Amino acid sequence: MGFIKFIMITDKTYNKKVLSGMSFQELEKFIVENNEPAFRAKQLQYWLCRKHANDFQSMSNLSKDFKKKLEDIAVISDIKINQKLVSKDGTVKYLLEYPDGNVVETVLMSFEKRPNLTACVSTQVGCAIGCAFCATGKRGFIRNLEAREIVEQIMTIQRDMNISVTNLVYMGQGEPLLNYDETVKSINIFNTDFEIGMRRITVSTCGIVPKIYKLADINRQLILALSLHAPDDELRKKLIPIGEKYPLEEVIKAVKFYAEKTGRRVTIEYILIDGVNDSPEQAEKVNKLLKGIKYNVNLIPYNPVGDSEFKKPSPERVNRFLRVLEKINKKVTVRLERGTDIAAACGQLSGEFL
Ligand code: SAH
Ligand code: SF4
């Protein structure tokens, strides 16, 4: 006996335009197409991007008629906050649900004594790369997100908390450079419509070589972060399967090109996994590999995910690795662990709450 599945369209957003995540040009086009003067787009943008308005009625300088019309033809957002978890350290992890039922995480971090509010955005549902240490990778690839959907993540948390994000890291679910066009479009929207400076936006990649060259052309201020994680191809390929396609020599050449073209330091991310890639000899090799490049290193002690056999190294091992790197370059930091109690830390974003 089979089931007949009824799909009821009860969603009030059906047929209405979703305004969150639109670029200003798209908003203007929508306004003009609906026979309203173009200046209304600026007013709307102000309420949506700056004031984090939750409904049209609260947009106090809009006419009554216009507000009514907006209610008939548009909705502010179609993302649902499926769950929200607050860590002991103040990190907030959102599980956000798109209308097609897919979920991604977006994480908000604040750092004591710093006024910055940093959000970590997702660019894909799942990820096709399948890195050995990453919870997202274990989930496989589901779909790319549109620029609008990436921007909507930030707008949703800004509305929920009534705050303005100051810094963005593209380090949530997915490989941003495998969703290149939509990632770049979203960066431009954040930069122009939300006035988040390019220097405050970091894109992290596992090393998609042709796209690193392309990215070097878009803006001199954008920060590139490379997930290095191993000093030689043999190990790197085991940890990051796409290392097979893009060997280290090519990846490093591309990163060097990026640093020279933009005049900015690149960030080198290096996960430390106990007994796998954290020996002093491996640190020496990293130093050799990065010779001649302007860089900062961000060491990330491995965060345990699922039933993986990998382990976090002891603080002594982390320090030993750090000291070898510092012989050549003092700009080495160990990433602060954020939200580990709510599985919001790097690599723990698997699209489900544990
Ligand atoms: N796909 C991109 C961006 C998302 S991953 C990339 O790989 O760079 C963001 C960062 O989290 C990367 O440096 C990634 O290697 C790191 N990461 C993934 N799993 C982790 C884990 N279990 N512990 C610590 N860091 C992890
Ligand atoms: Fe994908 Fe980055 Fe996770 Fe690797 S570390 S599986 S590239 S999200």
# chains A, B, ... in the order shown; residues from 1 in each chain; ligands from 1

call {"tool": "residues_near_ligand", "arguments": {"ligand": "ligand 1", "cutoff": "7 Å", "atoms": "only C-alpha atoms and all ligand atoms", "output": "ChimeraX atom specification"}}
result
/A:133-135,170-176,204-206,226-227,269-271,300-305,346-348

call {"tool": "residues_around", "arguments": {"residues": "Lys245 (chain A)", "least_positions_apart": "5", "cutoff": "12 Å", "atoms": "only C-alpha atoms", "output": "PyMOL selection string"}}
result
chain A and resi 129+206-210+233+236-237+240+250-251

call {"tool": "closest_residue", "arguments": {"among": "A:Thr262, A:Ile81, A:Lys312, A:Leu325", "to": "Val286 (chain A)", "atoms": "only C-alpha atoms"}}
result
A:Leu325

call {"tool": "atom_distance", "arguments": {"atom1": "CA of Tyr46 (chain A)", "atom2": "CA of Glu146 (chain A)"}}
result
22.3 Å

call {"tool": "select_by_dssp", "arguments": {"residues": "region 252-306 of chain A", "states": "strand (DSSP E)", "output": "MDAnalysis selection string"}}
result
chainID A and resid 266:272 295:301

call {"tool": "residues_around", "arguments": {"residues": "region 155-161 of chain A", "least_positions_apart": "4", "cutoff": "8 Å", "atoms": "only C-alpha atoms", "output": "PyMOL selection string"}}
result
chain A and resi 20-21+48-49+52-54+77+79+94+151+165

call {"tool": "select_by_dssp", "arguments": {"residues": "region 152-338 of chain A", "states": "helix (DSSP H, G or I)", "output": "PyMOL selection string"}}
result
chain A and resi 152-161+176-193+198-200+209-216+233-239+241-244+248-262+280-289+315-326

call {"tool": "residues_around", "arguments": {"residues": "region 103-109 of chain A", "least_positions_apart": "6", "cutoff": "9 Å", "atoms": "only C-alpha atoms", "output": "count of residues only"}}
result
35

call {"tool": "atom_distance", "arguments": {"atom1": "CA of Val266 (chain A)", "atom2": "CA of Lys294 (chain A)"}}
result
6.5 Å

call {"tool": "closest_residue", "arguments": {"among": "A:Ser186, A:Thr136, A:Asn167, A:Asn34", "to": "ligand 2", "atoms": "only C-alpha atoms and all ligand atoms"}}
result
A:Thr136

call {"tool": "atom_distance", "arguments": {"atom1": "CA of Gly130 (chain A)", "atom2": "CA of Gly243 (chain A)"}}
result
11.3 Å

call {"tool": "residues_around", "arguments": {"residues": "Asp274 (chain A)", "least_positions_apart": "3", "cutoff": "7 Å", "atoms": "only C-alpha atoms", "output": "ChimeraX atom specification"}}
result
/A:278,310-313

call {"tool": "closest_residue", "arguments": {"among": "A:Leu222, A:Val203, A:Phe30, A:Ala254", "to": "Asn191 (chain A)", "atoms": "only C-alpha atoms"}}
result
A:Leu222

call {"tool": "closest_residue", "arguments": {"among": "A:Val169, A:Leu299, A:Cys131, A:Leu290", "to": "Asn329 (chain A)", "atoms": "only C-alpha atoms"}}
result
A:Leu290

call {"tool": "decode", "arguments": {"residues": "region 289-322 of chain A", "atoms": "N, CA, C and O atoms", "output": "tab-separated table (two decimals), in the first residue's frame"}}
result
chain	number	residue	atom	x	y	z
A	289	LEU	N	57.93	26.13	2.07
A	289	LEU	CA	56.88	26.25	1.05
A	289	LEU	C	56.42	27.69	0.87
A	289	LEU	O	56.12	28.14	-0.24
A	290	LEU	N	56.38	28.42	1.98
A	290	LEU	CA	55.80	29.77	1.94
A	290	LEU	C	56.85	30.87	1.73
A	290	LEU	O	56.52	32.06	1.75
A	291	LYS	N	58.05	30.45	1.48
A	291	LYS	CA	59.14	31.41	1.30
A	291	LYS	C	58.80	32.38	0.16
A	291	LYS	O	58.33	31.98	-0.91
A	292	GLY	N	59.01	33.67	0.43
A	292	GLY	CA	58.79	34.65	-0.63
A	292	GLY	C	57.37	35.14	-0.74
A	292	GLY	O	57.04	35.94	-1.61
A	293	ILE	N	56.48	34.66	0.13
A	293	ILE	CA	55.08	35.12	0.10
A	293	ILE	C	54.81	35.97	1.33
A	293	ILE	O	55.35	35.69	2.41
A	294	LYS	N	53.96	37.00	1.18
A	294	LYS	CA	53.54	37.76	2.38
A	294	LYS	C	52.32	37.06	2.97
A	294	LYS	O	51.29	36.96	2.32
A	295	TYR	N	52.47	36.57	4.21
A	295	TYR	CA	51.36	35.79	4.76
A	295	TYR	C	51.25	35.92	6.28
A	295	TYR	O	52.20	36.31	6.97
A	296	ASN	N	50.05	35.60	6.76
A	296	ASN	CA	49.81	35.35	8.19
A	296	ASN	C	49.44	33.88	8.30
A	296	ASN	O	48.78	33.36	7.39
A	297	VAL	N	49.80	33.24	9.39
A	297	VAL	CA	49.34	31.86	9.56
A	297	VAL	C	48.33	31.80	10.68
A	297	VAL	O	48.49	32.43	11.73
A	298	ASN	N	47.29	31.06	10.43
A	298	ASN	CA	46.28	30.82	11.44
A	298	ASN	C	46.26	29.31	11.72
A	298	ASN	O	45.87	28.52	10.86
A	299	LEU	N	46.76	28.94	12.90
A	299	LEU	CA	46.76	27.52	13.26
A	299	LEU	C	45.43	27.17	13.91
A	299	LEU	O	44.94	27.89	14.79
A	300	ILE	N	44.85	26.07	13.45
A	300	ILE	CA	43.53	25.68	13.96
A	300	ILE	C	43.63	24.28	14.56
A	300	ILE	O	43.67	23.30	13.83
A	301	PRO	N	43.73	24.18	15.89
A	301	PRO	CA	43.73	22.84	16.48
A	301	PRO	C	42.44	22.11	16.04
A	301	PRO	O	41.35	22.68	16.12
A	302	TYR	N	42.62	20.92	15.55
A	302	TYR	CA	41.51	20.13	15.00
A	302	TYR	C	40.34	20.03	15.99
A	302	TYR	O	40.53	19.73	17.17
A	303	ASN	N	39.15	20.29	15.49
A	303	ASN	CA	37.95	20.11	16.30
A	303	ASN	C	37.35	18.74	15.99
A	303	ASN	O	37.02	18.49	14.84
A	304	PRO	N	37.20	17.90	16.99
A	304	PRO	CA	36.69	16.55	16.71
A	304	PRO	C	35.30	16.60	16.08
A	304	PRO	O	34.44	17.38	16.50
A	305	VAL	N	35.11	15.80	15.04
A	305	VAL	CA	33.77	15.68	14.44
A	305	VAL	C	33.42	14.20	14.32
A	305	VAL	O	34.27	13.38	13.96
A	306	GLY	N	32.18	13.89	14.62
A	306	GLY	CA	31.66	12.53	14.47
A	306	GLY	C	32.55	11.48	15.09
A	306	GLY	O	33.11	11.67	16.17
A	307	ASP	N	32.73	10.38	14.36
A	307	ASP	CA	33.52	9.28	14.93
A	307	ASP	C	34.91	9.21	14.29
A	307	ASP	O	35.49	8.14	14.13
A	308	SER	N	35.42	10.38	13.89
A	308	SER	CA	36.71	10.42	13.21
A	308	SER	C	37.83	9.90	14.11
A	308	SER	O	37.79	10.03	15.34
A	309	GLU	N	38.86	9.31	13.46
A	309	GLU	CA	39.99	8.79	14.23
A	309	GLU	C	41.00	9.89	14.56
A	309	GLU	O	41.92	9.70	15.33
A	310	PHE	N	40.81	11.08	13.97
A	310	PHE	CA	41.74	12.19	14.23
A	310	PHE	C	41.58	12.73	15.64
A	310	PHE	O	40.49	12.70	16.21
A	311	LYS	N	42.70	13.28	16.13
A	311	LYS	CA	42.66	13.85	17.49
A	311	LYS	C	43.25	15.25	17.51
A	311	LYS	O	44.12	15.57	16.70
A	312	LYS	N	42.79	16.00	18.47
A	312	LYS	CA	43.35	17.34	18.68
A	312	LYS	C	44.73	17.19	19.33
A	312	LYS	O	44.88	16.42	20.28
A	313	PRO	N	45.74	17.93	18.87
A	313	PRO	CA	47.06	17.82	19.52
A	313	PRO	C	47.07	18.52	20.88
A	313	PRO	O	46.24	19.39	21.13
A	314	SER	N	48.03	18.14	21.72
A	314	SER	CA	48.15	18.78	23.03
A	314	SER	C	48.63	20.22	22.82
A	314	SER	O	49.26	20.53	21.80
A	315	PRO	N	48.39	21.11	23.81
A	315	PRO	CA	48.87	22.50	23.69
A	315	PRO	C	50.38	22.55	23.48
A	315	PRO	O	50.88	23.42	22.77
A	316	GLU	N	51.12	21.58	24.05
A	316	GLU	CA	52.57	21.56	23.88
A	316	GLU	C	52.94	21.35	22.41
A	316	GLU	O	53.83	22.00	21.89
A	317	ARG	N	52.25	20.41	21.78
A	317	ARG	CA	52.54	20.15	20.36
A	317	ARG	C	52.17	21.37	19.51
A	317	ARG	O	52.88	21.71	18.56
A	318	VAL	N	51.07	22.00	19.84
A	318	VAL	CA	50.64	23.21	19.09
A	318	VAL	C	51.73	24.28	19.23
A	318	VAL	O	52.16	24.87	18.24
A	319	ASN	N	52.21	24.46	20.45
A	319	ASN	CA	53.23	25.49	20.70
A	319	ASN	C	54.54	25.19	20.00
A	319	ASN	O	55.20	26.09	19.50
A	320	ARG	N	54.89	23.92	19.97
A	320	ARG	CA	56.13	23.53	19.32
A	320	ARG	C	56.05	23.87	17.82
A	320	ARG	O	56.98	24.42	17.24
A	321	PHE	N	54.94	23.56	17.22
A	321	PHE	CA	54.73	23.85	15.79
A	321	PHE	C	54.79	25.37	15.55
A	321	PHE	O	55.47	25.85	14.65
A	322	LEU	N	54.10	26.08	16.44
A	322	LEU	CA	54.05	27.55	16.35
A	322	LEU	C	55.44	28.17	16.41
A	322	LEU	O	55.79	29.05	15.63
